[in-house]
$ cat my_file-v9.tsv   # TSV, C-alpha atoms
chain	number	residue	atom	x	y	z
I	1	MET	CA	183.40	123.60	54.88
I	2	ASP	CA	180.41	121.28	55.12
I	3	PHE	CA	178.32	123.86	53.28
I	4	VAL	CA	180.81	124.00	50.40
I	5	ASN	CA	180.94	120.22	50.24
I	6	SER	CA	177.15	120.07	50.14
I	7	ILE	CA	177.08	122.49	47.19
I	8	VAL	CA	179.73	120.52	45.33
I	9	ARG	CA	177.87	117.26	45.92
I	10	PHE	CA	174.61	118.87	44.86
I	11	LEU	CA	176.13	120.02	41.56
I	12	GLN	CA	177.82	116.68	40.94
I	13	GLU	CA	174.59	114.77	41.44
I	14	GLY	CA	172.63	117.05	39.14
I	15	GLY	CA	173.81	115.50	35.91
I	16	TYR	CA	175.01	117.14	32.72
I	17	PHE	CA	172.23	119.74	32.62
I	18	ILE	CA	173.72	121.43	35.69
I	19	PHE	CA	176.55	122.83	33.53
I	20	PRO	CA	174.47	124.85	31.03
I	21	ILE	CA	172.35	126.16	33.92
I	22	ALA	CA	175.53	127.19	35.73
I	23	PHE	CA	176.72	128.95	32.57
I	24	ILE	CA	173.39	130.81	32.39
I	25	LEU	CA	173.81	131.85	36.03
I	26	ILE	CA	177.32	133.21	35.40
I	27	LEU	CA	176.17	135.02	32.24
I	28	GLY	CA	173.21	136.50	34.08
I	29	ILE	CA	175.44	137.74	36.90
I	30	ALA	CA	177.80	139.37	34.37
I	31	ILE	CA	174.92	141.13	32.58
I	32	THR	CA	173.43	142.23	35.90
I	33	ILE	CA	176.68	143.80	37.12
I	34	GLU	CA	177.31	145.59	33.82
I	35	ARG	CA	173.74	146.90	33.49
I	36	TRP	CA	173.45	147.96	37.11
I	37	TRP	CA	176.74	149.86	36.95
I	38	PHE	CA	175.72	151.58	33.71
I	39	LEU	CA	172.20	152.50	34.86
I	40	ARG	CA	173.46	153.68	38.24
I	41	SER	CA	175.99	155.93	36.50
I	42	VAL	CA	173.39	157.40	34.11
I	43	TYR	CA	170.86	157.88	36.91
I	44	ALA	CA	173.38	159.70	39.11
I	45	SER	CA	174.59	161.97	36.29
I	46	ASN	CA	171.01	162.80	35.25
I	47	GLN	CA	170.00	163.65	38.80
I	48	ARG	CA	173.06	165.87	39.21
I	49	ALA	CA	172.36	167.61	35.89
I	50	TYR	CA	168.71	168.10	36.79
I	51	ARG	CA	169.60	169.76	40.09
I	52	GLN	CA	172.00	172.10	38.29
I	53	LEU	CA	169.53	172.91	35.52
I	54	GLN	CA	166.44	173.41	37.67
I	55	PRO	CA	166.85	177.22	37.89
I	56	ALA	CA	167.51	177.47	34.14
I	57	ILE	CA	164.48	175.29	33.35
I	58	ALA	CA	162.22	177.34	35.61
I	59	ALA	CA	163.46	180.60	34.08
I	60	ALA	CA	163.48	179.24	30.52
I	61	ASP	CA	167.17	180.22	30.30
I	62	THR	CA	168.04	178.49	27.04
I	63	LYS	CA	171.58	179.91	27.00
I	64	ALA	CA	172.41	178.31	30.35
I	65	ILE	CA	170.94	175.00	29.19
I	66	LEU	CA	173.14	174.99	26.08
I	67	GLN	CA	176.21	175.85	28.13
I	68	GLN	CA	175.45	173.03	30.55
I	69	ALA	CA	175.03	170.57	27.66
I	70	ASP	CA	178.41	171.61	26.22
I	71	SER	CA	180.25	171.27	29.52
I	72	ASN	CA	178.45	168.21	30.91
I	73	GLN	CA	177.03	165.95	28.23
I	74	THR	CA	174.55	163.93	30.23
I	75	PRO	CA	171.52	162.38	28.53
I	76	LEU	CA	169.19	164.85	30.27
I	77	SER	CA	171.17	167.96	29.33
I	78	LEU	CA	171.61	166.77	25.74
I	79	MET	CA	167.86	166.15	25.49
I	80	LEU	CA	167.06	169.66	26.71
I	81	ALA	CA	169.69	171.14	24.39
I	82	SER	CA	168.11	169.31	21.46
I	83	GLY	CA	164.77	170.92	22.25
I	84	VAL	CA	166.35	174.36	22.62
I	85	ASN	CA	168.17	174.00	19.30
I	86	ARG	CA	164.92	173.07	17.59
I	87	LEU	CA	163.36	176.16	19.16
I	88	ALA	CA	165.76	178.30	17.13
I	89	SER	CA	164.12	177.19	13.87
I	90	SER	CA	160.54	176.58	15.07
I	91	HIS	CA	158.54	177.94	17.98
I	92	ARG	CA	155.95	175.19	17.77
I	93	ARG	CA	155.67	173.14	20.93
I	94	GLU	CA	155.23	169.93	18.94
I	95	ASP	CA	158.51	170.40	17.07
I	96	MET	CA	160.41	170.99	20.30
I	97	GLU	CA	158.74	167.97	21.88
I	98	TYR	CA	159.62	165.73	18.91
I	99	ALA	CA	163.27	166.83	19.06
I	100	MET	CA	163.53	165.92	22.75
I	101	GLU	CA	161.57	162.71	22.30
I	102	GLU	CA	164.05	161.61	19.64
I	103	VAL	CA	166.90	161.89	22.14
I	104	VAL	CA	164.87	160.07	24.81
I	105	LEU	CA	164.19	157.19	22.41
I	106	GLU	CA	167.84	157.04	21.41
I	107	TYR	CA	168.96	156.74	25.01
I	108	SER	CA	166.13	154.34	25.85
I	109	LEU	CA	167.68	151.83	23.47
I	110	ARG	CA	171.00	152.13	25.31
I	111	LEU	CA	169.34	151.90	28.71
I	112	GLN	CA	167.40	148.76	27.80
I	113	LYS	CA	170.30	147.06	26.04
I	114	ARG	CA	170.82	143.46	27.21
I	115	THR	CA	168.26	143.79	30.02
I	116	PRO	CA	165.63	141.65	28.22
I	117	PHE	CA	168.21	138.85	28.04
I	118	LEU	CA	167.81	138.33	31.78
I	119	ALA	CA	164.15	137.33	31.41
I	120	THR	CA	165.07	135.01	28.56
I	121	LEU	CA	167.90	133.43	30.56
I	122	ALA	CA	165.54	132.89	33.49
I	123	ASN	CA	163.07	131.05	31.26
I	124	VAL	CA	165.81	128.95	29.66
I	125	ALA	CA	167.25	128.02	33.08
I	126	THR	CA	163.82	126.84	34.25
I	127	LEU	CA	163.24	124.80	31.10
I	128	LEU	CA	166.71	123.25	31.25
I	129	GLY	CA	166.05	122.27	34.86
I	130	LEU	CA	162.80	120.57	33.90
I	131	LEU	CA	164.43	118.86	30.94
I	132	GLY	CA	167.24	117.59	33.14
I	133	THR	CA	164.73	116.21	35.61
I	134	ILE	CA	162.77	114.43	32.88
I	135	VAL	CA	165.92	112.93	31.40
I	136	GLY	CA	167.04	111.89	34.88
I	137	LEU	CA	163.67	110.24	35.60
I	138	ILE	CA	163.78	108.35	32.32
I	139	ALA	CA	167.23	107.06	33.17
I	140	ALA	CA	166.09	106.22	36.73
I	141	PHE	CA	163.09	104.18	35.59
I	142	SER	CA	165.20	102.39	33.00
I	143	ALA	CA	167.72	101.43	35.69
I	144	VAL	CA	165.00	100.31	38.11
I	145	ALA	CA	163.45	98.07	35.48
I	146	ASN	CA	166.55	95.89	35.46
I	147	ALA	CA	167.28	96.07	39.20
I	148	ASP	CA	166.65	93.48	41.89
I	149	PRO	CA	163.02	93.74	43.19
I	150	SER	CA	164.19	94.23	46.78
I	151	GLU	CA	166.28	97.24	45.77
I	152	LYS	CA	163.82	98.92	43.43
I	153	ALA	CA	162.17	101.20	46.02
I	154	SER	CA	165.39	102.58	47.47
I	155	LEU	CA	167.03	102.88	44.05
I	156	LEU	CA	164.01	104.70	42.62
I	157	SER	CA	163.77	107.18	45.51
I	158	SER	CA	167.47	108.02	45.36
I	159	SER	CA	167.37	108.40	41.56
I	160	ILE	CA	164.35	110.72	41.71
I	161	SER	CA	166.08	112.80	44.37
I	162	VAL	CA	169.09	113.25	42.11
I	163	ALA	CA	166.91	114.06	39.09
I	164	MET	CA	165.15	116.82	41.00
I	165	ASN	CA	168.47	118.62	41.58
I	166	THR	CA	168.40	120.09	38.08
I	167	THR	CA	164.93	121.58	38.56
I	168	ALA	CA	165.96	123.01	41.93
I	169	PHE	CA	169.11	124.56	40.47
I	170	GLY	CA	167.18	125.89	37.48
I	171	LEU	CA	164.72	127.63	39.80
I	172	MET	CA	167.51	128.94	42.02
I	173	THR	CA	169.00	130.50	38.91
I	174	ALA	CA	165.75	131.79	37.39
I	175	ILE	CA	164.19	133.45	40.45
I	176	PRO	CA	167.04	135.94	41.10
I	177	LEU	CA	167.29	136.72	37.37
I	178	VAL	CA	163.57	137.56	37.22
I	179	PHE	CA	163.90	139.79	40.27
I	180	VAL	CA	166.97	141.57	38.87
I	181	HIS	CA	165.24	142.01	35.51
I	182	ALA	CA	162.33	143.78	37.21
I	183	LEU	CA	164.76	145.92	39.23
I	184	LEU	CA	166.67	147.03	36.14
I	185	GLN	CA	163.44	147.76	34.29
I	186	SER	CA	162.33	149.94	37.19
I	187	LYS	CA	165.64	151.83	37.19
I	188	THR	CA	165.39	152.36	33.42
I	189	ALA	CA	161.84	153.66	33.73
I	190	SER	CA	162.94	156.05	36.47
I	191	ILE	CA	165.67	157.51	34.24
I	192	VAL	CA	163.31	157.95	31.28
I	193	ASP	CA	160.61	159.49	33.48
I	194	THR	CA	163.09	162.03	34.85
I	195	MET	CA	164.10	163.05	31.33
I	196	GLU	CA	160.49	163.38	30.20
I	197	MET	CA	159.58	165.39	33.29
I	198	ALA	CA	162.45	167.82	32.70
I	199	GLY	CA	161.44	168.19	29.06
I	200	ILE	CA	157.82	168.98	29.94
I	201	LYS	CA	158.92	171.52	32.58
I	202	LEU	CA	161.14	173.26	30.04
I	203	MET	CA	158.38	173.39	27.41
I	204	ASN	CA	155.96	174.84	29.95
I	205	SER	CA	158.47	177.48	31.08
I	206	ILE	CA	159.28	178.49	27.52
I	207	GLY	CA	155.58	178.50	26.65
I	208	GLN	CA	154.90	180.96	29.48
I	209	ARG	CA	157.79	183.15	28.34
I	210	PHE	CA	156.56	183.29	24.74
I	211	THR	CA	152.84	183.53	25.36
I	212	GLY	CA	152.67	185.29	28.70
I	213	GLY	CA	150.82	182.32	30.20
I	214	ARG	CA	148.29	181.97	27.36
I	215	ASP	CA	147.51	178.43	26.21
I	216	ASP	CA	148.24	178.03	22.50
I	217	GLN	CA	150.19	175.78	20.16
I	218	LYS	CA	153.52	177.56	20.42
I	219	ALA	CA	156.28	176.79	22.87
$ encode --input "my_file-v9.tsv" --output "structure tokens"
Amino acid sequence: MDFVNSIVRFLQEGGYFIFPIAFILILGIAITIERWWFLRSVYASNQRAYRQLQPAIAAADTKAILQQADSNQTPLSLMLASGVNRLASSHRREDMEYAMEEVVLEYSLRLQKRTPFLATLANVATLLGLLGTIVGLIAAFSAVANADPSEKASLLSSSISVAMNTTAFGLMTAIPLVFVHALLQSKTASIVDTMEMAGIKLMNSIGQRFTGGRDDQKA
């Protein structure tokens, strides 16, 4: 109970700038939960699809890849199906690669959606904390100027302590948001890397099937 009371007192003494920082914290938590749930779901479905498609990729079994994409429309299977469909009209490796890269870029936009906001919110929280401290110090010095000389030292120290609450709260909000932003970026990169790896493996397998292991420009 004392801990809760300390938090309430801390927020009350922080001034008006505590409220926008608290709003940023709540917004950041909401974005974090939504993004983490979405990325975790995509990552799990891609890993499951990759395990199922590994034999088909190694054997360049385009029919099995298309069937998997129809039955389980994960980003990875749809990317591979896009490359296989392009293969029907062109046997050039570059054309197949461009078709799969288009799908990767399309899903990259979905994977990165709202994640950059976390870095922006962290910066804004820090700046609001500093602004609140500056405003609090201005008010503190103005109050001390008209105070009794014997009370100036104690009044100034207590006012500065209160003014620093906004900076502390701003940093307490910003630091976790920066960490979560890096974590989500890492998860996004892992998903994209898995898709690109699967695409390269498929192109290499198909290239060996078409060329008998010779190195040329066709898939």
$ atom_distance --input "my_file-v9.tsv" --atom1 "atom CA of I:Val124" --atom2 "atom CA of I:Leu156"
27.6 Å
$ closest_residue --input "my_file-v9.tsv" --among "I:Leu121, I:Ala30, I:Leu202, I:Val42" --to "I:Ser190" --atoms "only C-alpha atoms"
I:Val42
$ residues_around --input "my_file-v9.tsv" --residues "I:Ala182" --least-positions-apart "5" --cutoff "12 Å" --atoms "all atoms listed in the file" --output "ChimeraX atom specification"
/I:32,36,112,115-119,122,175-177,187-189
$ residues_around --input "my_file-v9.tsv" --residues "I:Asn72" --least-positions-apart "4" --cutoff "8 Å" --atoms "all atoms listed in the file" --output "ChimeraX atom specification"
/I:49,68,77
$ write_last_selection --input "my_file-v9.tsv" --atoms "C-alpha atoms" --output "compact mmCIF listing (two decimals), keeping the file's coordinate frame"
# COMPACT_ATOMS: atom_id res chain seq x y z
CA ALA I 49 172.36 167.61 35.89
CA GLN I 68 175.45 173.03 30.55
CA SER I 77 171.17 167.96 29.33
$ atom_distance --input "my_file-v9.tsv" --atom1 "atom CA of I:Gly199" --atom2 "atom CA of I:Phe38"
22.4 Å
$ build_atoms --input "my_file-v9.tsv" --residues "stretch 158-177 of chain I" --atoms "N, CA, C and O atoms" --output "PDB file, keeping the file's coordinate frame"
ATOM      1  N   SER I 158     166.196 107.299  45.455  1.00  0.00           N
ATOM      2  CA  SER I 158     167.470 108.020  45.360  1.00  0.00           C
ATOM      3  C   SER I 158     167.657 108.613  43.964  1.00  0.00           C
ATOM      4  O   SER I 158     168.156 109.736  43.819  1.00  0.00           O
ATOM      5  N   SER I 159     167.231 107.899  42.924  1.00  0.00           N
ATOM      6  CA  SER I 159     167.370 108.400  41.560  1.00  0.00           C
ATOM      7  C   SER I 159     166.475 109.618  41.324  1.00  0.00           C
ATOM      8  O   SER I 159     166.877 110.582  40.670  1.00  0.00           O
ATOM      9  N   ILE I 160     165.256 109.573  41.853  1.00  0.00           N
ATOM     10  CA  ILE I 160     164.350 110.720  41.710  1.00  0.00           C
ATOM     11  C   ILE I 160     164.902 111.932  42.443  1.00  0.00           C
ATOM     12  O   ILE I 160     164.823 113.071  41.960  1.00  0.00           O
ATOM     13  N   SER I 161     165.486 111.696  43.615  1.00  0.00           N
ATOM     14  CA  SER I 161     166.080 112.800  44.370  1.00  0.00           C
ATOM     15  C   SER I 161     167.183 113.478  43.580  1.00  0.00           C
ATOM     16  O   SER I 161     167.279 114.710  43.541  1.00  0.00           O
ATOM     17  N   VAL I 162     168.015 112.691  42.927  1.00  0.00           N
ATOM     18  CA  VAL I 162     169.090 113.250  42.110  1.00  0.00           C
ATOM     19  C   VAL I 162     168.526 113.991  40.908  1.00  0.00           C
ATOM     20  O   VAL I 162     168.994 115.083  40.549  1.00  0.00           O
ATOM     21  N   ALA I 163     167.494 113.426  40.276  1.00  0.00           N
ATOM     22  CA  ALA I 163     166.910 114.060  39.090  1.00  0.00           C
ATOM     23  C   ALA I 163     166.293 115.409  39.411  1.00  0.00           C
ATOM     24  O   ALA I 163     166.289 116.317  38.568  1.00  0.00           O
ATOM     25  N   MET I 164     165.780 115.568  40.621  1.00  0.00           N
ATOM     26  CA  MET I 164     165.150 116.820  41.000  1.00  0.00           C
ATOM     27  C   MET I 164     166.163 117.943  41.229  1.00  0.00           C
ATOM     28  O   MET I 164     165.797 119.125  41.287  1.00  0.00           O
ATOM     29  N   ASN I 165     167.444 117.596  41.351  1.00  0.00           N
ATOM     30  CA  ASN I 165     168.470 118.620  41.580  1.00  0.00           C
ATOM     31  C   ASN I 165     168.518 119.627  40.442  1.00  0.00           C
ATOM     32  O   ASN I 165     168.751 120.823  40.676  1.00  0.00           O
ATOM     33  N   THR I 166     168.328 119.173  39.217  1.00  0.00           N
ATOM     34  CA  THR I 166     168.400 120.090  38.080  1.00  0.00           C
ATOM     35  C   THR I 166     167.250 121.104  38.108  1.00  0.00           C
ATOM     36  O   THR I 166     167.439 122.286  37.815  1.00  0.00           O
ATOM     37  N   THR I 167     166.059 120.648  38.450  1.00  0.00           N
ATOM     38  CA  THR I 167     164.930 121.580  38.560  1.00  0.00           C
ATOM     39  C   THR I 167     165.171 122.584  39.680  1.00  0.00           C
ATOM     40  O   THR I 167     164.909 123.785  39.523  1.00  0.00           O
ATOM     41  N   ALA I 168     165.678 122.113  40.809  1.00  0.00           N
ATOM     42  CA  ALA I 168     165.960 123.010  41.930  1.00  0.00           C
ATOM     43  C   ALA I 168     167.000 124.056  41.539  1.00  0.00           C
ATOM     44  O   ALA I 168     166.834 125.253  41.819  1.00  0.00           O
ATOM     45  N   PHE I 169     168.056 123.622  40.863  1.00  0.00           N
ATOM     46  CA  PHE I 169     169.110 124.560  40.470  1.00  0.00           C
ATOM     47  C   PHE I 169     168.613 125.522  39.403  1.00  0.00           C
ATOM     48  O   PHE I 169     168.988 126.701  39.392  1.00  0.00           O
ATOM     49  N   GLY I 170     167.773 125.023  38.493  1.00  0.00           N
ATOM     50  CA  GLY I 170     167.180 125.890  37.480  1.00  0.00           C
ATOM     51  C   GLY I 170     166.336 126.994  38.102  1.00  0.00           C
ATOM     52  O   GLY I 170     166.404 128.158  37.700  1.00  0.00           O
ATOM     53  N   LEU I 171     165.546 126.629  39.112  1.00  0.00           N
ATOM     54  CA  LEU I 171     164.720 127.630  39.800  1.00  0.00           C
ATOM     55  C   LEU I 171     165.570 128.586  40.624  1.00  0.00           C
ATOM     56  O   LEU I 171     165.281 129.791  40.692  1.00  0.00           O
ATOM     57  N   MET I 172     166.624 128.067  41.252  1.00  0.00           N
ATOM     58  CA  MET I 172     167.510 128.940  42.020  1.00  0.00           C
ATOM     59  C   MET I 172     168.231 129.939  41.121  1.00  0.00           C
ATOM     60  O   MET I 172     168.626 131.015  41.564  1.00  0.00           O
ATOM     61  N   THR I 173     168.407 129.578  39.864  1.00  0.00           N
ATOM     62  CA  THR I 173     169.000 130.500  38.910  1.00  0.00           C
ATOM     63  C   THR I 173     167.970 131.477  38.362  1.00  0.00           C
ATOM     64  O   THR I 173     168.230 132.678  38.224  1.00  0.00           O
ATOM     65  N   ALA I 174     166.770 130.970  38.064  1.00  0.00           N
ATOM     66  CA  ALA I 174     165.750 131.790  37.390  1.00  0.00           C
ATOM     67  C   ALA I 174     165.154 132.854  38.300  1.00  0.00           C
ATOM     68  O   ALA I 174     164.939 133.994  37.880  1.00  0.00           O
ATOM     69  N   ILE I 175     164.882 132.505  39.548  1.00  0.00           N
ATOM     70  CA  ILE I 175     164.190 133.450  40.450  1.00  0.00           C
ATOM     71  C   ILE I 175     164.992 134.735  40.657  1.00  0.00           C
ATOM     72  O   ILE I 175     164.437 135.838  40.512  1.00  0.00           O
ATOM     73  N   PRO I 176     166.290 134.676  40.977  1.00  0.00           N
ATOM     74  CA  PRO I 176     167.040 135.940  41.100  1.00  0.00           C
ATOM     75  C   PRO I 176     167.110 136.719  39.791  1.00  0.00           C
ATOM     76  O   PRO I 176     167.067 137.955  39.810  1.00  0.00           O
ATOM     77  N   LEU I 177     167.214 136.022  38.658  1.00  0.00           N
ATOM     78  CA  LEU I 177     167.290 136.720  37.370  1.00  0.00           C
ATOM     79  C   LEU I 177     165.995 137.466  37.085  1.00  0.00           C
ATOM     80  O   LEU I 177     166.025 138.586  36.555  1.00  0.00           O
TER      81      LEU I 177
END
